[in-house]
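Student: Sending over run36.cif (mmCIF, C-alpha atoms).
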data_entry
#
loop_
_atom_site.label_atom_id
_atom_site.label_comp_id
_atom_site.auth_asym_id
_atom_site.auth_seq_id
_atom_site.Cartn_x
_atom_site.Cartn_y
_atom_site.Cartn_z
CA LEU V 1 -71.44 -85.04 -43.30
CA ALA V 2 -68.74 -85.21 -45.90
CA GLY V 3 -68.59 -81.39 -45.99
CA ALA V 4 -68.41 -81.17 -42.21
CA ALA V 5 -65.72 -83.78 -42.16
CA ALA V 6 -63.82 -81.89 -44.84
CA GLY V 7 -64.21 -78.65 -42.90
CA GLY V 8 -63.01 -80.32 -39.72
CA SER V 9 -60.02 -81.70 -41.54
CA ALA V 10 -59.20 -78.24 -42.92
CA ARG V 11 -59.46 -76.63 -39.47
CA SER V 12 -57.29 -79.38 -37.98
CA ALA V 13 -54.70 -78.83 -40.68
CA SER V 14 -54.78 -75.09 -40.12
CA SER V 15 -54.38 -75.52 -36.38
CA ALA V 16 -51.54 -77.89 -36.90
CA ALA V 17 -49.83 -75.44 -39.25
CA LEU V 18 -50.32 -72.58 -36.77
CA ALA V 19 -48.93 -74.67 -33.95
CA ALA V 20 -45.99 -75.64 -36.08
CA GLY V 21 -45.40 -71.98 -36.89
CA ARG V 22 -45.47 -71.08 -33.22
CA LEU V 23 -43.03 -73.84 -32.40
CA GLU V 24 -40.78 -72.72 -35.22
CA GLY V 25 -41.01 -69.10 -34.04
CA THR V 26 -40.23 -70.10 -30.47
CA ALA V 27 -37.27 -72.11 -31.61
CA SER V 28 -36.10 -69.23 -33.78
CA SER V 29 -36.50 -66.83 -30.84
CA ARG V 30 -34.53 -69.13 -28.58
CA ALA V 31 -31.84 -69.41 -31.21
CA SER V 32 -31.73 -65.64 -31.55
CA SER V 33 -31.49 -65.19 -27.77
CA ALA V 34 -28.74 -67.74 -27.60
CA SER V 35 -26.82 -65.97 -30.37
CA ARG V 36 -26.88 -62.69 -28.42
CA GLN V 37 -24.60 -64.12 -25.74
CA PRO V 38 -25.39 -61.69 -22.89
CA SER V 39 -22.34 -60.27 -21.16
CA PHE V 40 -24.07 -59.67 -17.82
CA TRP V 41 -26.07 -62.02 -15.65
CA ARG V 42 -28.53 -61.30 -12.88
CA ARG V 43 -28.72 -63.41 -9.75
CA MET V 44 -31.93 -63.55 -7.73
CA ILE V 45 -33.35 -65.55 -4.86
CA GLY V 46 -36.43 -67.55 -5.81
CA PRO V 47 -39.60 -68.02 -3.72
CA CYS V 48 -38.21 -71.20 -2.17
CA GLY V 49 -34.81 -69.74 -1.40
CA GLU V 50 -33.17 -71.12 -4.50
CA GLU V 51 -30.68 -69.04 -6.50
CA ILE V 52 -31.87 -68.08 -9.97
CA THR V 53 -29.45 -66.85 -12.64
CA GLU V 54 -30.75 -65.24 -15.81
CA PRO V 55 -29.19 -63.11 -18.56
CA LEU V 56 -29.26 -59.33 -18.22
CA LEU V 57 -29.94 -57.85 -21.63
CA GLY V 58 -29.03 -54.34 -22.74
CA ASN V 59 -32.58 -53.04 -22.49
CA ASP V 60 -32.68 -54.11 -18.82
CA ILE V 61 -29.91 -51.63 -17.85
CA SER V 62 -31.23 -48.18 -16.96
CA SER V 63 -29.40 -44.89 -17.62
CA PRO V 64 -27.45 -43.37 -14.69
CA THR V 65 -29.68 -41.21 -12.54
CA ASP V 66 -27.18 -39.75 -10.02
CA SER V 67 -23.63 -39.15 -11.20
CA LYS V 68 -20.98 -36.45 -10.70
CA HIS V 69 -17.52 -35.63 -12.01
CA GLU V 70 -14.94 -34.49 -9.47
CA VAL V 71 -11.89 -32.42 -10.40
CA HIS V 72 -9.22 -31.62 -7.82
CA VAL V 73 -7.83 -28.16 -8.65
CA PHE V 74 -5.16 -26.34 -6.64
CA PHE V 75 -3.45 -22.98 -6.97
CA ASP V 76 0.32 -23.04 -7.46
CA GLU V 77 1.47 -20.01 -5.46
CA SER V 78 5.00 -20.18 -6.87
CA ASN V 79 3.90 -19.98 -10.50
CA LEU V 80 0.62 -18.08 -10.04
CA ARG V 81 -1.56 -20.55 -11.88
CA TYR V 82 -4.15 -23.24 -11.27
CA GLU V 83 -3.14 -26.85 -11.80
CA ASN V 84 -5.39 -29.69 -13.02
CA ILE V 85 -8.03 -27.20 -14.11
CA PRO V 86 -10.29 -28.18 -17.04
CA SER V 87 -9.30 -26.37 -20.23
CA GLU V 88 -12.73 -24.78 -20.62
CA TRP V 89 -12.31 -23.04 -17.24
CA ALA V 90 -8.66 -22.00 -17.59
CA ASN V 91 -9.10 -18.60 -19.27
CA GLU V 92 -11.68 -17.36 -16.79
CA ALA V 93 -9.94 -18.80 -13.74
CA HIS V 94 -6.56 -17.25 -14.54
CA THR V 95 -7.91 -13.77 -15.27
CA GLN V 96 -6.34 -11.36 -12.79
CA PHE V 97 -7.34 -7.91 -14.03
CA GLY V 98 -10.84 -6.47 -13.88
CA VAL V 99 -11.94 -9.09 -11.35
CA ALA V 100 -13.40 -8.46 -7.89
CA MET V 101 -10.88 -8.78 -5.04
CA LYS V 102 -12.67 -11.77 -3.54
CA HIS V 103 -12.49 -13.69 -6.82
CA VAL V 104 -8.75 -13.52 -7.50
CA PRO V 105 -6.31 -15.99 -5.95
CA ARG V 106 -5.13 -14.62 -2.60
CA ILE V 107 -2.45 -15.82 -0.23
CA ASP V 108 -1.57 -15.28 3.42
CA VAL V 109 0.96 -12.52 4.10
CA LYS V 110 2.25 -11.94 7.61
CA GLY V 111 1.04 -8.70 9.14
CA TYR V 112 -2.41 -8.52 7.54
CA ASP V 113 -5.72 -9.85 8.82
CA ASP V 114 -6.96 -10.99 5.40
CA ARG V 115 -5.22 -12.54 2.42
CA ILE V 116 -3.51 -10.46 -0.26
CA PRO V 117 -3.97 -11.09 -4.02
CA ALA V 118 -1.15 -13.30 -5.25
CA ILE V 119 -0.57 -11.08 -8.29
CA LEU V 120 0.21 -8.07 -6.06
CA VAL V 121 2.68 -10.09 -4.00
CA ALA V 122 4.40 -11.26 -7.19
CA LEU V 123 4.56 -7.76 -8.70
CA ARG V 124 5.95 -6.32 -5.47
CA GLN V 125 8.63 -9.00 -5.35
CA GLU V 126 9.71 -8.34 -8.93
CA LEU V 127 9.67 -4.60 -8.30
CA ILE V 128 12.03 -5.00 -5.36
CA ARG V 129 14.20 -7.63 -7.06
CA PHE V 130 15.16 -5.12 -9.76
CA ASN V 131 15.45 -2.15 -7.34
CA GLY V 132 12.32 -0.61 -8.78
CA LEU V 133 11.57 1.39 -5.64
CA ARG V 134 14.68 3.44 -6.30
CA GLN V 135 13.84 4.19 -9.94
CA GLU V 136 13.15 7.86 -10.61
CA GLY V 137 9.45 8.46 -11.15
CA VAL V 138 8.35 4.97 -10.10
CA PHE V 139 4.53 4.73 -10.10
CA ARG V 140 4.44 8.05 -12.00
CA ILE V 141 6.31 7.49 -15.26
CA SER V 142 4.40 5.41 -17.79
CA ALA V 143 5.84 2.04 -18.78
CA ASN V 144 6.19 0.76 -22.32
CA LYS V 145 2.62 -0.05 -23.37
CA GLU V 146 3.45 -3.11 -25.46
CA THR V 147 5.67 -4.61 -22.77
CA GLN V 148 3.11 -3.88 -20.08
CA GLN V 149 0.43 -5.57 -22.17
CA MET V 150 2.69 -8.60 -22.65
CA TYR V 151 3.08 -9.08 -18.89
CA ARG V 152 -0.63 -8.44 -18.36
CA THR V 153 -1.48 -11.19 -20.84
CA GLN V 154 0.93 -13.58 -19.13
CA PHE V 155 -0.82 -13.04 -15.81
CA ASN V 156 -4.27 -13.55 -17.36
CA LEU V 157 -3.14 -16.82 -18.94
CA GLY V 158 -1.37 -18.15 -15.84
CA LYS V 159 1.98 -17.98 -17.66
CA PHE V 160 3.85 -15.22 -15.83
CA GLN V 161 7.57 -15.98 -15.85
CA GLY V 162 8.74 -13.03 -13.77
CA CYS V 163 10.20 -9.73 -14.91
CA GLN V 164 12.49 -10.64 -17.79
CA ARG V 165 14.65 -7.50 -18.04
CA GLU V 166 15.76 -4.76 -15.65
CA GLU V 167 14.32 -2.09 -17.94
CA ASP V 168 10.89 -3.74 -17.59
CA VAL V 169 10.73 -3.02 -13.86
CA MET V 170 8.55 0.05 -14.43
CA CYS V 171 5.94 -2.32 -15.91
CA MET V 172 5.65 -4.00 -12.51
CA ALA V 173 4.73 -0.69 -10.86
CA ALA V 174 2.39 0.20 -13.72
CA LEU V 175 0.61 -3.16 -13.42
CA ILE V 176 0.04 -2.59 -9.69
CA LYS V 177 -1.72 0.66 -10.56
CA GLU V 178 -3.62 -1.01 -13.38
CA TRP V 179 -4.80 -3.82 -11.11
CA PHE V 180 -6.32 -1.36 -8.63
CA ARG V 181 -7.72 0.80 -11.41
CA GLY V 182 -9.41 -2.19 -13.05
CA LEU V 183 -11.35 -3.35 -9.98
CA PRO V 184 -15.12 -3.42 -10.69
CA THR V 185 -15.56 -1.40 -7.48
CA PRO V 186 -12.53 0.72 -6.49
CA ILE V 187 -11.06 -0.23 -3.14
CA LEU V 188 -12.21 2.95 -1.34
CA ASN V 189 -15.61 3.21 -3.01
CA CYS V 190 -17.10 0.95 -0.37
CA LEU V 191 -17.09 4.11 1.79
CA ASN V 192 -19.70 6.80 1.18
CA LYS V 193 -18.52 10.15 -0.11
CA GLU V 194 -19.21 11.89 3.19
CA VAL V 195 -16.47 9.79 4.84
CA ILE V 196 -14.01 10.70 2.09
CA MET V 197 -14.85 14.40 2.37
CA LYS V 198 -14.61 14.37 6.17
CA THR V 199 -11.24 12.58 6.16
CA GLY V 200 -9.84 14.78 3.42
CA LYS V 201 -10.75 18.01 5.22
CA ALA V 202 -10.09 16.90 8.80
CA ASP V 203 -8.13 19.19 11.13
CA ASP V 204 -6.52 16.11 12.65
CA PRO V 205 -5.54 13.92 9.64
CA SER V 206 -4.01 11.23 11.85
CA LYS V 207 -7.22 10.70 13.83
CA ALA V 208 -9.38 10.91 10.72
CA SER V 209 -7.35 8.37 8.76
CA THR V 210 -7.43 5.95 11.68
CA ALA V 211 -11.20 6.29 11.83
CA LEU V 212 -11.45 5.67 8.09
CA LEU V 213 -9.42 2.47 8.29
CA ARG V 214 -11.75 1.16 10.98
CA LYS V 215 -14.68 1.58 8.59
CA LEU V 216 -13.03 -0.32 5.74
CA PRO V 217 -14.31 -3.91 5.45
CA GLU V 218 -12.11 -6.87 4.61
CA PRO V 219 -10.46 -7.67 2.30
CA ASN V 220 -10.38 -3.97 1.30
CA LYS V 221 -8.68 -2.95 4.53
CA SER V 222 -5.82 -5.47 4.37
CA ILE V 223 -5.17 -4.84 0.67
CA PHE V 224 -5.23 -1.06 1.19
CA LEU V 225 -2.80 -1.35 4.12
CA TRP V 226 -0.55 -3.58 1.99
CA LEU V 227 -0.45 -0.87 -0.67
CA LEU V 228 0.20 1.87 1.90
CA ASP V 229 3.15 -0.11 3.25
CA LEU V 230 4.62 -0.50 -0.22
CA LEU V 231 4.18 3.21 -0.96
CA ALA V 232 5.61 4.21 2.41
CA GLU V 233 8.69 2.12 1.71
CA THR V 234 8.93 3.74 -1.74
CA SER V 235 8.85 7.22 -0.20
CA ARG V 236 11.90 6.36 1.92
CA TYR V 237 13.96 6.55 -1.28
CA GLN V 238 12.52 9.89 -2.41
CA THR V 239 15.98 11.43 -2.75
CA GLU V 240 16.58 8.88 -5.51
CA ASN V 241 13.12 8.30 -7.00
CA ARG V 242 11.74 11.84 -6.54
CA MET V 243 8.51 10.38 -5.18
CA SER V 244 7.40 11.90 -1.89
CA ILE V 245 4.35 10.80 0.08
CA LYS V 246 2.28 13.57 -1.48
CA ALA V 247 3.48 12.72 -4.99
CA LEU V 248 2.63 9.04 -4.51
CA ALA V 249 -0.83 9.93 -3.14
CA ILE V 250 -1.55 12.17 -6.15
CA VAL V 251 -0.56 9.37 -8.55
CA LEU V 252 -2.37 6.52 -6.77
CA ALA V 253 -5.56 8.15 -5.48
CA PRO V 254 -7.39 8.14 -8.86
CA ASN V 255 -6.82 4.38 -9.00
CA LEU V 256 -8.28 3.84 -5.53
CA TYR V 257 -11.38 6.01 -5.61
CA THR V 258 -13.82 7.01 -8.36
CA VAL V 259 -16.12 9.99 -7.96
CA PRO V 260 -19.82 8.94 -8.16
CA GLU V 261 -21.48 9.84 -11.46
CA ASP V 262 -24.35 11.67 -9.78
CA CYS V 263 -22.02 14.38 -8.44
CA LEU V 264 -22.12 17.90 -9.82
CA PRO V 265 -18.95 19.18 -11.58
CA LEU V 266 -17.79 21.33 -8.64
CA GLU V 267 -18.53 18.52 -6.21
CA MET V 268 -16.53 16.11 -8.35
CA VAL V 269 -13.45 18.33 -8.17
CA SER V 270 -13.85 18.83 -4.42
CA LEU V 271 -14.38 15.11 -3.81
CA MET V 272 -11.37 14.05 -5.87
CA ASP V 273 -9.23 16.56 -4.01
CA ALA V 274 -10.52 15.09 -0.73
CA ALA V 275 -9.64 11.60 -1.95
CA VAL V 276 -6.04 12.68 -2.60
CA HIS V 277 -5.82 14.22 0.87
CA THR V 278 -7.36 11.06 2.35
CA VAL V 279 -4.73 8.82 0.76
CA THR V 280 -2.03 11.29 1.82
CA SER V 281 -3.22 11.24 5.44
CA CYS V 282 -3.42 7.44 5.54
CA LEU V 283 0.00 7.12 3.93
CA GLN V 284 1.59 9.59 6.35
CA GLU V 285 0.12 7.77 9.33
CA ARG V 286 1.15 4.35 8.02
CA SER V 287 4.68 5.48 7.13
CA LYS V 288 5.37 6.23 10.81
CA ASN V 289 5.43 2.50 11.51
CA VAL V 290 7.09 1.25 8.32
CA LEU V 291 10.53 -0.31 8.78
CA VAL V 292 12.88 -1.72 6.20
CA ASN V 293 11.46 -5.19 6.82
CA SER V 294 7.80 -4.18 6.68
CA PRO V 295 5.31 -6.93 5.73
CA ALA V 296 4.67 -5.48 2.27
CA THR V 297 8.27 -5.10 1.20
CA SER V 298 10.04 -8.05 2.80
CA PRO V 299 9.98 -11.14 0.56
CA ARG V 300 7.56 -13.61 2.08
CA ARG V 301 9.02 -16.50 0.14
CA SER V 302 11.52 -17.13 -2.57
CA VAL V 303 9.55 -17.56 -5.77
CA THR V 304 10.95 -19.36 -8.79
CA TYR V 305 8.85 -19.11 -11.93
CA ALA V 306 8.79 -22.26 -14.01
#
Would you mind writing the file out in structure tokens?

Tutor:
Amino acid sequence: LAGAAAGGSARSASSAALAAGRLEGTASSRASSASRQPSFWRRMIGPCGEEITEPLLGNDISSPTDSKHEVHVFFDESNLRYENIPSEWANEAHTQFGVAMKHVPRIDVKGYDDRIPAILVALRQELIRFNGLRQEGVFRISANKETQQMYRTQFNLGKFQGCQREEDVMCMAALIKEWFRGLPTPILNCLNKEVIMKTGKADDPSKASTALLRKLPEPNKSIFLWLLDLLAETSRYQTENRMSIKALAIVLAPNLYTVPEDCLPLEMVSLMDAAVHTVTSCLQERSKNVLVNSPATSPRRSVTYA
């Protein structure tokens, strides 16, 4: 009996100590919770309609599951650059050369069904501003390579400040050629070679060139017509610049059409010759309707580069 009593006393003492420990732990936990001082509280409606307020701890807040970041970007037509564009996108977005026509910034120009690349409009304006159409050998004579590269870099960085010197005007013409030459798919290569051959060897060039233009999809058609208008206006000053319609066609055709690689050598020569005649026919037909204030050569707006 004494042993049982002693055992009972020991168990009672142990239970009491355990209970005390639990109470102490609970008190410690409450003290710890109180010290956290939650910044957010959650309000709920209880089962009897009463309002219940309880702390909202950090581990009760889930991670966002549906979020998006919006950036409002716009193209500054006057300065040929995107504004408010994230820095990691800037280099790719401002690239003007070697990019498909549909991916470069284009603007509305009166007289054309589709928009014209902004870089071409800017180059044309600078070319005219410095009387480039009257320069001997325009579009034929090579420009200074370093200066041309400088302007090319400015365009690709969205930092073009306009033609800086009168002697740089030939760079504007050279960059127009380079832009067309650098297209991933040349502007006339959307047509099969049979169309080029037929147009180039047609007995009625006027009718053939009109038929070819009908087959050109947009924006190829509008951009090609824009170029034809600029070249037709250039040919009007051939007594000064020595650039006739045929001379301009010979210089520009290789930048507008590339002979397919699967052609045989003799076929390549014949096809390239047909391409030159095709551009000549289209240019002759277009020049009949070109006036001094044609859409391509009349300034659409006054541009000030900042």

Student: I'd like the contact shell of Leu283 in chain V - 8 Å cut-off, all atoms listed in the file, skipping same-chain residues fewer than 6 positions apart - returned as a PyMOL selection string.

Tutor: chain V and resi 228-229+231-232+245+249

Student: Just checking: using only C-alpha atoms, which residue out of V:Ala211, V:Val104, V:Ala274, V:Ile85 ends up closest to Lys193 in chain V?

Tutor: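 When distances to Lys193 in chain V are compared using only C-alpha atoms, the smallest one comes from V:Ala274.
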
Student: Please, what distance in Å, to one decimal, runs between CA of Ser287 in chain V and CA of Val138 in chain V?

Tutor: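 Between these atoms lies a distance of 17.6 Å.
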
Student: List as a VMD selection string the protein and nucleic acid residues near Tyr112 in chain V, meaning an atom at most 8 Å away when all atoms listed in the file are counted, but skip any in the same chain fewer than 3 places from it.

Tutor: chain V and resid 108 to 109 115 222 225 to 226

Student: Here's the selection I'm unsure about, the PyMOL selection byres ((chain V and resi 123) around 9); applied to the file above, which residues does it give, as a PyMOL selection string?

Tutor: chain V and resi 118-122+124-128+162-163+172-173+175-176

Student: Counting all atoms listed in the file, select every polymer residue within 10 Å of (2.6, -11.9, -16.7) as defined in the file's coordinates, and provide the selection as a PyMOL selection string.

Tutor: chain V and resi 80+96+119+122-123+147-163+172+175

Student: For a quick check of understanding, using all atoms listed in the file, which of V:Arg236, V:Arg43, V:Arg242, V:Lys68 has the smallest distance to Ile141 in chain V?

Tutor: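 Closest to Ile141 in chain V of all the choices is V:Arg242.
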
Student: Would you compute the distance between CA of Asn255 in chain V and CA of Lys177 in chain V? Give it in Å to one decimal.

Tutor: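 We find that CA of Asn255 in chain V and CA of Lys177 in chain V lie 6.5 Å from each other.
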
Student: Suppose you want the space between CA of Phe97 in chain V and CA of Asp262 in chain V; what is it in Å?

Tutor: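 Answer for the CA of Phe97 in chain V to CA of Asp262 in chain V separation: 26.3 Å.
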
Student: Enumerate, as a list in words, the residues matched when the PyMOL selection byres ((chain V and resi 100) around 8) is run on the file above.

Tutor: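 This file, filtered by the PyMOL selection byres ((chain V and resi 100) around 8), leaves Gly98, Val99, Met101, Lys102, His103, Val104, Leu183, Pro184 and Thr185 of chain V.
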
Student: Starting from the displayed file, determine the output of the PyMOL selection byres ((chain V and resi 137) around 12) and express the residue list as an MDAnalysis selection string.

Tutor: chainID V and resid 132:136 138:143 169:170 173:174 234:235 237:244 247:248 251

Student: Contacts of Asp114 in chain V at 9 Å or less, counting all atoms listed in the file, minus same-chain residues fewer than 3 places along, as a CSV table (one decimal) with C-alpha atoms, keeping the file's coordinate frame?

Tutor:
chain,number,residue,atom,x,y,z
V,106,ARG,CA,-5.1,-14.6,-2.6
V,107,ILE,CA,-2.4,-15.8,-0.2
V,108,ASP,CA,-1.6,-15.3,3.4
V,109,VAL,CA,1.0,-12.5,4.1
V,218,GLU,CA,-12.1,-6.9,4.6
V,219,PRO,CA,-10.5,-7.7,2.3
V,220,ASN,CA,-10.4,-4.0,1.3
V,221,LYS,CA,-8.7,-3.0,4.5
V,222,SER,CA,-5.8,-5.5,4.4
V,223,ILE,CA,-5.2,-4.8,0.7

Student: For Met272 in chain V, find every residue with an atom within 8 Å (counting all atoms listed in the file), except residues of its own chain fewer than 3 positions away, and show them as number ranges by chain.

Tutor: V: 254, 258-259, 268-269, 275-276
